[in-house]
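For reference, the structure discussed in these notes is given below.
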Amino acid sequence: MPFHTAVRPITVDDATLAAHLEHADTAALLMTVAHLTGDLSPLDSWSDPQGWLSLPQAQTEEQARAVRALALRALARHRDGGSVPPPPPDPETLRRITTWAMGRDTDGMLPLLAEEILPPDADPRAPRWTADEFTPGPGVRVAIIGAGMSGLLAAHRLSQAGVPFVVYEKNDDVGGTWHENRYPGCRVDVPSHLYSYSFATRADWPDHFCTQPELQEYFREFAKENGLYEHIRFGTEVREARWDEEGASWALTLRATDGGTATTEAEVLISAVGQLNRPLVPDLPGRDDFTGPAFHSARWDHSVDLRGKRVAVIGTGASAFQFIPELAGTAAELVVFQRTPPWLRPTPHYHAPMAEGGRWLLEHVPYYAAWYRFWLFAPGLHGVLENWIVDPDYPPTERAVSAGNERVRAVLAAHIEQQLADAPELLPKVMPRYPVGAKRVLRDNGSWIRTLRRDDVRLVDERIDRITPTGVVTADGTAHEVDVIVYGTGFEASRFLAPMRVTGRDGADLHEAWGGSARAYLGLTVPGFPNLFCLYGPNTNLSGQGGSIFYFSECGMSYVLDALRLLLAGGHRSLDLREDVFHAFNERLDEANRARAWGWSSVSNWVMDRAAGRTAQNWPFTAQEYWEQTRRVRPAEYELS
């Protein structure tokens, strides 16, 4: 699994090259050729604006043939000239190509985009300083909680900066959610080539959307290659963190897997525990009375043989959407209990492997991997979020919140209707009655509805009344006798840092301060809790906006690095966010979330706390805005001591 490997020279003949080009993403290929040749005129003759529903085969075959022919000539010249890759695009070339791709002028995005279109070994967000530069001033020790995606990122960046650190991980290996979730069919629903660190990409992903074992291995290899394992204490959970004002450090209470406890200290604390790490099992009446096996999908019990069993699945969210088709045909009967149906995003290649020719292009064509990744990332910059914004003049309803939202609804509704043309009786149960974007939209290659149409699968949309020793009783009085219950009911996403107790200045308890609804500045810092940083913290989740959570964590870690630089360069002991900055930011954030489909609609979803009237999960702005706000720490927003 090579990371950031240099592009290999092209040595194949024209016929072989043409065969590989048959598997290219046409838009990414056209942008690559424009970059390699400097000839931007083909962009003017072919326009296919990027959109959230764009598919690899969205272009006409005539357009695709023309682009492949153009690429064949350009790459043959590149090969015959010695396969010398050009430099990254100059600002005007970058602006012209990305403006074509996004259907709007990208002049204001160029600094961000310049970080994306680079050779595979580039790392523009790496620290530009090391701790040695600030000696003999006060040093810092950093404790990182969690060895998942964000924790490994933090560890790598601190290692680059020469800052001492230790990672505390409750599990026995790295990977976080990709270590814990091992249910059948578990895979990512963000394209593999986007769901990775920008500085540690892979050209050889086997699938367009990779499975859990592949992602787990990605994190293992990343940790090995960068020497991170020696810094990780596995089987160690941080139970309590207490700020020591006199010592300007965090006192940590640790608990090992065997029950033993210990204490340690660190000047800086980084929480990288994520949002989706504590399974939620609903408190249904009689839940503990069920006499058969029952487990949550995130704690899958592989010792339970489901062959020939009657299996109930409670929930139809993102995880259940993946494992239910896997169980069908294994279980004798599958009873699916659904609260609200999901919107389905057409993705015919969702389970498809990457073609060998496609992998070859990523490995041999200069910048093709970067342009392909940009093509996948672009909707997160512009094109998706706009359709979730409530237009008060539309006017918004539980059908759609804007004209753009209605257009997306029409496409997704047609996708569902086409699959049920000969089974209309199922349509009322699977057609959502809420705006697109109010709940997570799920990738669909047709396997979901095919599964629901099976004779051995029953979809039940009646509310669950109670659990009995032998099954599930719904509100209409029907008793559904089953042998096994699987909960696909999501996570306690709003319980950030739980069950850890965090005590800040003057004995303030973080969970009490949050009052059940976590808040932070940029998802990163909280007043009264100096030198505490959260990665994938409150309101940094993406709910269908496009993009990848890797991107948000990389931006967040850039901010943390700048905060550490500020502490070291100024000889400061602590950095504490100002209350007025915190409140102003969260007022603006809450107002924006209320004006998004997930905040406006009354449909139940995992991100909105209806009692609090807010979400602690979603980022309601663009990915560009998060990048802009996390590039540098503004010292005036903090109290430095």
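How things are named: the first chain in the structure tokens is A, the next is B, and so on; residues count from 1 in each chain; ligands count from 1 in the order shown.
Using only C-alpha atoms, the contacts of Thr236 of chain A at a cut-off of 10 Å, with sequence neighbours closer than 4 positions omitted, comprise Ile145, Gly146, Val167, Tyr168, Glu169, Lys170, Asn171, Asp172, Ile232, Leu254, Arg255, Ala256, Thr257, Asp258, Gly259, Gly260, Thr261 and Ala262 of chain A.
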Put those residues in a file: C-alpha atoms, as a PDB file, in the first residue's frame.
```pdb
ATOM      1  CA  ILE A 145      -7.096  10.869  22.958  1.00  0.00           C
ATOM      2  CA  GLY A 146      -7.920   8.369  20.211  1.00  0.00           C
ATOM      3  CA  VAL A 167      -1.681   8.832  22.065  1.00  0.00           C
ATOM      4  CA  TYR A 168      -4.125   7.051  24.383  1.00  0.00           C
ATOM      5  CA  GLU A 169      -6.375   4.550  22.619  1.00  0.00           C
ATOM      6  CA  LYS A 170      -9.024   2.418  24.332  1.00  0.00           C
ATOM      7  CA  ASN A 171      -8.943  -0.253  21.590  1.00  0.00           C
ATOM      8  CA  ASP A 172      -6.161  -2.678  20.718  1.00  0.00           C
ATOM      9  CA  ILE A 232       0.394   4.869  21.146  1.00  0.00           C
ATOM     10  CA  LEU A 254      -6.137   6.646  32.781  1.00  0.00           C
ATOM     11  CA  ARG A 255      -7.796   3.259  32.997  1.00  0.00           C
ATOM     12  CA  ALA A 256      -6.319   0.185  31.368  1.00  0.00           C
ATOM     13  CA  THR A 257      -8.239  -2.711  29.894  1.00  0.00           C
ATOM     14  CA  ASP A 258      -7.368  -4.834  32.925  1.00  0.00           C
ATOM     15  CA  GLY A 259      -8.949  -2.233  35.222  1.00  0.00           C
ATOM     16  CA  GLY A 260      -5.727  -0.704  36.465  1.00  0.00           C
ATOM     17  CA  THR A 261      -5.509   3.079  36.781  1.00  0.00           C
ATOM     18  CA  ALA A 262      -2.713   5.607  36.424  1.00  0.00           C
TER      19      ALA A 262
END
```
Close residues, segment 178-188 of chain A itself excluded, 9 Å, only C-alpha atoms, min 6 positions apart in chain, as a list of chain:residue names: A:Gly148, A:Met149, A:Asn171, A:Tyr195, A:Phe209, A:Cys210, A:Thr211, A:Gln212, A:Pro213, A:Glu214, A:Leu215, A:Gln216, A:Phe219, A:Asn277, A:Ser297, A:Ala298, A:Arg299, A:Trp300, A:Asp301, A:His302, A:Ser319, A:Gln322, A:Phe323, A:Ile324, A:Pro325, A:Glu326, A:Leu327
Okay, now the selection with N, CA and C atoms, as an mmCIF file, in the first residue's frame?
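Result file is selection11.cif:
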```
data_model
loop_
_atom_site.group_PDB
_atom_site.id
_atom_site.type_symbol
_atom_site.label_atom_id
_atom_site.label_comp_id
_atom_site.auth_asym_id
_atom_site.auth_seq_id
_atom_site.Cartn_x
_atom_site.Cartn_y
_atom_site.Cartn_z
ATOM 1 N N GLY A 148 -7.844 7.099 15.958
ATOM 2 C CA GLY A 148 -8.574 6.979 14.701
ATOM 3 C C GLY A 148 -8.019 7.950 13.684
ATOM 4 N N MET A 149 -8.841 8.329 12.722
ATOM 5 C CA MET A 149 -8.396 9.191 11.639
ATOM 6 C C MET A 149 -7.778 10.484 12.147
ATOM 7 N N ASN A 171 -8.930 1.017 22.318
ATOM 8 C CA ASN A 171 -8.943 -0.253 21.590
ATOM 9 C C ASN A 171 -7.541 -0.850 21.508
ATOM 10 N N TYR A 195 -11.490 9.885 0.401
ATOM 11 C CA TYR A 195 -11.532 9.511 1.809
ATOM 12 C C TYR A 195 -10.153 9.026 2.240
ATOM 13 N N PHE A 209 -15.473 2.663 -3.656
ATOM 14 C CA PHE A 209 -15.855 2.929 -2.270
ATOM 15 C C PHE A 209 -15.386 1.719 -1.460
ATOM 16 N N CYS A 210 -14.311 1.884 -0.729
ATOM 17 C CA CYS A 210 -13.643 0.725 -0.158
ATOM 18 C C CYS A 210 -14.319 0.197 1.100
ATOM 19 N N THR A 211 -14.044 -1.054 1.372
ATOM 20 C CA THR A 211 -14.641 -1.756 2.499
ATOM 21 C C THR A 211 -13.837 -1.502 3.780
ATOM 22 N N GLN A 212 -14.458 -1.870 4.902
ATOM 23 C CA GLN A 212 -13.835 -1.659 6.207
ATOM 24 C C GLN A 212 -12.443 -2.283 6.312
ATOM 25 N N PRO A 213 -12.224 -3.523 5.882
ATOM 26 C CA PRO A 213 -10.864 -4.075 6.016
ATOM 27 C C PRO A 213 -9.813 -3.255 5.279
ATOM 28 N N GLU A 214 -10.161 -2.727 4.092
ATOM 29 C CA GLU A 214 -9.202 -1.908 3.345
ATOM 30 C C GLU A 214 -8.881 -0.616 4.087
ATOM 31 N N LEU A 215 -9.901 -0.005 4.661
ATOM 32 C CA LEU A 215 -9.684 1.248 5.383
ATOM 33 C C LEU A 215 -8.906 1.011 6.673
ATOM 34 N N GLN A 216 -9.211 -0.068 7.368
ATOM 35 C CA GLN A 216 -8.448 -0.415 8.569
ATOM 36 C C GLN A 216 -6.976 -0.596 8.217
ATOM 37 N N PHE A 219 -5.085 2.731 7.660
ATOM 38 C CA PHE A 219 -4.642 3.392 8.884
ATOM 39 C C PHE A 219 -3.464 2.655 9.521
ATOM 40 N N ASN A 277 -18.690 7.144 18.015
ATOM 41 C CA ASN A 277 -17.938 6.079 18.677
ATOM 42 C C ASN A 277 -18.655 5.450 19.861
ATOM 43 N N SER A 297 -25.005 -2.837 15.632
ATOM 44 C CA SER A 297 -24.171 -3.099 14.457
ATOM 45 C C SER A 297 -22.714 -2.709 14.680
ATOM 46 N N ALA A 298 -22.461 -1.675 15.512
ATOM 47 C CA ALA A 298 -21.084 -1.251 15.773
ATOM 48 C C ALA A 298 -20.369 -2.192 16.727
ATOM 49 N N ARG A 299 -21.075 -3.120 17.319
ATOM 50 C CA ARG A 299 -20.488 -4.144 18.185
ATOM 51 C C ARG A 299 -20.984 -5.502 17.702
ATOM 52 N N TRP A 300 -20.824 -5.754 16.427
ATOM 53 C CA TRP A 300 -21.379 -6.951 15.790
ATOM 54 C C TRP A 300 -20.861 -8.216 16.461
ATOM 55 N N ASP A 301 -21.787 -9.096 16.792
ATOM 56 C CA ASP A 301 -21.432 -10.361 17.432
ATOM 57 C C ASP A 301 -21.292 -11.429 16.343
ATOM 58 N N HIS A 302 -20.062 -11.647 15.896
ATOM 59 C CA HIS A 302 -19.826 -12.598 14.803
ATOM 60 C C HIS A 302 -19.941 -14.049 15.272
ATOM 61 N N SER A 319 -25.680 2.568 8.416
ATOM 62 C CA SER A 319 -25.104 1.240 8.655
ATOM 63 C C SER A 319 -26.072 0.140 8.263
ATOM 64 N N GLN A 322 -26.360 -0.710 4.720
ATOM 65 C CA GLN A 322 -25.284 -1.534 4.152
ATOM 66 C C GLN A 322 -25.406 -2.997 4.545
ATOM 67 N N PHE A 323 -25.759 -3.276 5.814
ATOM 68 C CA PHE A 323 -25.716 -4.687 6.215
ATOM 69 C C PHE A 323 -27.006 -5.444 5.938
ATOM 70 N N ILE A 324 -28.141 -4.770 5.800
ATOM 71 C CA ILE A 324 -29.397 -5.485 5.537
ATOM 72 C C ILE A 324 -29.323 -6.293 4.239
ATOM 73 N N PRO A 325 -28.851 -5.723 3.116
ATOM 74 C CA PRO A 325 -28.737 -6.553 1.910
ATOM 75 C C PRO A 325 -27.793 -7.736 2.084
ATOM 76 N N GLU A 326 -26.806 -7.612 2.982
ATOM 77 C CA GLU A 326 -25.878 -8.720 3.221
ATOM 78 C C GLU A 326 -26.551 -9.861 3.984
ATOM 79 N N LEU A 327 -27.505 -9.515 4.857
ATOM 80 C CA LEU A 327 -28.172 -10.542 5.658
ATOM 81 C C LEU A 327 -29.258 -11.269 4.865
#
```
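Shell of segment 396-400 of chain A at 10 Å, with only C-alpha atoms counted and residues fewer than 3 places along the chain excluded, is Asn387, Trp388, Ile389, Val390, Asp391, Pro392, Asp393, Ala403, Gly404, Asn405, Glu406, Arg407, Val408, Arg409, Pro432, Arg433, Tyr434, Pro435, Val436, Gly437, Ala438, Ala597, Trp600, Ser601, Ser602 and Val603 of chain A.
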Could you write out, as a ChimeraX atom specification, all the residues of segment 441-533 of chain A that DSSP marks as strand (DSSP E)? /A:442-444,457-460,464-468,471-474,479-481,484-487,501-503,532-533
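When the distance limit is 10 Å and only C-alpha atoms are what count, the residues near Ile10 of chain A, minus those fewer than 6 positions from it on the same chain, are Leu17, Leu75, Ala76, His78, Arg79, Asp80, Gly82, Ser83, Val84, Trp360, Leu361, Glu363, His364, Val365 and Pro366 of chain A.
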Neighbour list for Thr525 of chain A as a ChimeraX atom specification, cut-off 10 Å, only C-alpha atoms, skip fewer than 6 positions in-chain: /A:519,531-535,537-538,560,575-578,582
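Using only C-alpha atoms, the smallest distance between any of A:Pro353, A:Pro127, A:Gly317, A:Pro87 and Asp562 of chain A comes from A:Pro127.
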With only C-alpha atoms as the counted atoms, please give the residues lying no more than 12 Å from Thr291 of chain A, apart from itself and same-chain residues fewer than 6 positions off, as a PyMOL selection string. chain A and resi 467-472+481-485
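Near Glu512 of chain A, within 10 Å and counting only C-alpha atoms, sit Val502, Thr503, Ser517 and Ala518 of chain A, not including residues fewer than 5 positions from it in the same chain.
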Could you pull out the alpha helix (DSSP H) residues of segment 351-510 of chain A from DSSP and send them as a PyMOL selection string? chain A and resi 356-364+368-381+403-419+427-430+447-452+510
Could you save those same residues with N, CA and C atoms as a short mmCIF file (atom, residue, chain, number, x, y, z; two decimals), in the first residue's frame?
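As a result, again-v2.cif now contains:
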```cif
data_model
loop_
_atom_site.label_atom_id
_atom_site.label_comp_id
_atom_site.auth_asym_id
_atom_site.auth_seq_id
_atom_site.Cartn_x
_atom_site.Cartn_y
_atom_site.Cartn_z
N GLU A 356 -8.59 -1.96 -13.72
CA GLU A 356 -7.13 -1.95 -13.77
C GLU A 356 -6.62 -0.76 -14.57
N GLY A 357 -7.31 -0.43 -15.65
CA GLY A 357 -6.89 0.71 -16.46
C GLY A 357 -7.01 2.02 -15.70
N GLY A 358 -8.04 2.13 -14.88
CA GLY A 358 -8.20 3.33 -14.07
C GLY A 358 -7.08 3.48 -13.06
N ARG A 359 -6.69 2.38 -12.42
CA ARG A 359 -5.57 2.43 -11.47
C ARG A 359 -4.27 2.77 -12.19
N TRP A 360 -4.10 2.24 -13.39
CA TRP A 360 -2.88 2.53 -14.16
C TRP A 360 -2.77 4.02 -14.44
N LEU A 361 -3.87 4.65 -14.82
CA LEU A 361 -3.85 6.09 -15.10
C LEU A 361 -3.47 6.88 -13.86
N LEU A 362 -4.00 6.50 -12.71
CA LEU A 362 -3.68 7.20 -11.47
C LEU A 362 -2.20 7.08 -11.13
N GLU A 363 -1.59 5.98 -11.51
CA GLU A 363 -0.19 5.75 -11.18
C GLU A 363 0.78 6.33 -12.20
N HIS A 364 0.32 6.56 -13.45
CA HIS A 364 1.25 6.93 -14.52
C HIS A 364 1.02 8.30 -15.15
N TYR A 368 -3.14 13.38 -12.85
CA TYR A 368 -4.49 12.82 -13.07
C TYR A 368 -5.13 12.50 -11.72
N ALA A 369 -4.36 11.94 -10.78
CA ALA A 369 -4.91 11.62 -9.46
C ALA A 369 -5.38 12.87 -8.74
N ALA A 370 -4.60 13.96 -8.87
CA ALA A 370 -4.97 15.22 -8.20
C ALA A 370 -6.23 15.80 -8.81
N TRP A 371 -6.35 15.79 -10.14
CA TRP A 371 -7.55 16.34 -10.78
C TRP A 371 -8.77 15.45 -10.52
N TYR A 372 -8.54 14.14 -10.44
CA TYR A 372 -9.65 13.24 -10.13
C TYR A 372 -10.14 13.50 -8.71
N ARG A 373 -9.21 13.65 -7.77
CA ARG A 373 -9.60 13.95 -6.39
C ARG A 373 -10.32 15.29 -6.32
N PHE A 374 -9.83 16.29 -7.04
CA PHE A 374 -10.51 17.58 -7.06
C PHE A 374 -11.93 17.44 -7.60
N TRP A 375 -12.10 16.65 -8.65
CA TRP A 375 -13.43 16.45 -9.24
C TRP A 375 -14.40 15.85 -8.24
N LEU A 376 -13.88 14.98 -7.38
CA LEU A 376 -14.70 14.39 -6.33
C LEU A 376 -14.98 15.39 -5.20
N PHE A 377 -14.03 16.28 -4.96
CA PHE A 377 -14.10 17.24 -3.86
C PHE A 377 -14.93 18.47 -4.22
N ALA A 378 -14.96 18.84 -5.51
CA ALA A 378 -15.55 20.10 -5.94
C ALA A 378 -16.99 20.33 -5.46
N PRO A 379 -17.88 19.33 -5.48
CA PRO A 379 -19.24 19.60 -5.00
C PRO A 379 -19.30 20.06 -3.55
N GLY A 380 -18.31 19.67 -2.74
CA GLY A 380 -18.28 20.12 -1.36
C GLY A 380 -17.90 21.58 -1.24
N LEU A 381 -17.27 22.12 -2.28
CA LEU A 381 -16.94 23.54 -2.31
C LEU A 381 -18.10 24.36 -2.85
N ALA A 403 -36.20 26.00 -4.54
CA ALA A 403 -36.37 25.50 -5.91
C ALA A 403 -35.29 24.48 -6.24
N GLY A 404 -34.04 24.75 -5.82
CA GLY A 404 -32.97 23.78 -6.06
C GLY A 404 -33.21 22.48 -5.33
N ASN A 405 -33.73 22.57 -4.12
CA ASN A 405 -34.06 21.38 -3.34
C ASN A 405 -35.14 20.56 -4.03
N GLU A 406 -36.10 21.24 -4.64
CA GLU A 406 -37.17 20.55 -5.38
C GLU A 406 -36.61 19.84 -6.60
N ARG A 407 -35.65 20.47 -7.29
CA ARG A 407 -35.05 19.83 -8.46
C ARG A 407 -34.32 18.55 -8.07
N VAL A 408 -33.57 18.60 -6.97
CA VAL A 408 -32.88 17.39 -6.52
C VAL A 408 -33.90 16.34 -6.11
N ARG A 409 -34.96 16.76 -5.45
CA ARG A 409 -36.01 15.82 -5.04
C ARG A 409 -36.59 15.09 -6.25
N ALA A 410 -36.83 15.83 -7.34
CA ALA A 410 -37.42 15.22 -8.53
C ALA A 410 -36.52 14.12 -9.08
N VAL A 411 -35.21 14.37 -9.08
CA VAL A 411 -34.26 13.36 -9.59
C VAL A 411 -34.25 12.13 -8.69
N LEU A 412 -34.19 12.34 -7.39
CA LEU A 412 -34.12 11.21 -6.47
C LEU A 412 -35.44 10.44 -6.39
N ALA A 413 -36.56 11.16 -6.47
CA ALA A 413 -37.86 10.48 -6.46
C ALA A 413 -38.01 9.61 -7.70
N ALA A 414 -37.58 10.12 -8.86
CA ALA A 414 -37.65 9.33 -10.09
C ALA A 414 -36.79 8.07 -9.98
N HIS A 415 -35.64 8.20 -9.32
CA HIS A 415 -34.75 7.05 -9.13
C HIS A 415 -35.46 5.96 -8.33
N ILE A 416 -36.18 6.33 -7.29
CA ILE A 416 -36.92 5.35 -6.48
C ILE A 416 -38.09 4.77 -7.27
N GLU A 417 -38.84 5.63 -7.94
CA GLU A 417 -40.02 5.19 -8.69
C GLU A 417 -39.65 4.20 -9.80
N GLN A 418 -38.53 4.44 -10.46
CA GLN A 418 -38.11 3.54 -11.54
C GLN A 418 -37.85 2.14 -11.02
N GLN A 419 -37.35 2.04 -9.81
CA GLN A 419 -37.05 0.72 -9.25
C GLN A 419 -38.31 -0.02 -8.78
N LEU A 427 -44.06 1.49 -2.76
CA LEU A 427 -43.65 2.89 -2.93
C LEU A 427 -44.00 3.78 -1.73
N PRO A 428 -45.20 3.71 -1.16
CA PRO A 428 -45.51 4.59 -0.01
C PRO A 428 -44.59 4.39 1.18
N LYS A 429 -44.05 3.18 1.31
CA LYS A 429 -43.17 2.90 2.45
C LYS A 429 -41.74 3.40 2.24
N VAL A 430 -41.31 3.51 0.99
CA VAL A 430 -39.90 3.85 0.74
C VAL A 430 -39.72 5.26 0.20
N SER A 447 -29.33 -2.11 -4.71
CA SER A 447 -29.39 -3.30 -3.85
C SER A 447 -30.39 -3.14 -2.71
N TRP A 448 -30.66 -1.89 -2.28
CA TRP A 448 -31.58 -1.67 -1.16
C TRP A 448 -33.00 -2.09 -1.52
N ILE A 449 -33.52 -1.53 -2.58
CA ILE A 449 -34.91 -1.85 -2.95
C ILE A 449 -35.02 -3.29 -3.44
N ARG A 450 -34.00 -3.81 -4.11
CA ARG A 450 -34.03 -5.22 -4.49
C ARG A 450 -34.18 -6.10 -3.26
N THR A 451 -33.49 -5.72 -2.18
CA THR A 451 -33.57 -6.49 -0.94
C THR A 451 -34.97 -6.41 -0.34
N LEU A 452 -35.53 -5.19 -0.29
CA LEU A 452 -36.86 -5.02 0.29
C LEU A 452 -37.94 -5.76 -0.50
N LEU A 510 -17.11 20.37 31.88
CA LEU A 510 -17.40 20.64 30.47
C LEU A 510 -18.79 20.18 30.08
#
```
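Comparing the minimum interatomic distances between Tyr350 of chain A and each of A:Gln629, A:Ser604, A:Thr263, A:Ser192, counting only C-alpha atoms, we find that A:Ser192 sits nearest.
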Restricting to only C-alpha atoms, whichever of A:Asp422, A:Leu442, A:Pro499, A:Asp456 is closest to Ala331 of chain A is A:Asp456
Residue with smallest distance to Arg596 of chain A - pool A:Ala623, A:Ala272, A:Ala114, A:Val401, counting only C-alpha atoms: A:Val401
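A straight line drawn from atom CA of Ala161 of chain A to atom CA of Arg565 of chain A is 9.5 Å long.
Nearest to Leu334 of chain A of all the residues A:Asp580, A:Asp123, A:Asp455, A:Glu591 is A:Asp455, counting only C-alpha atoms.
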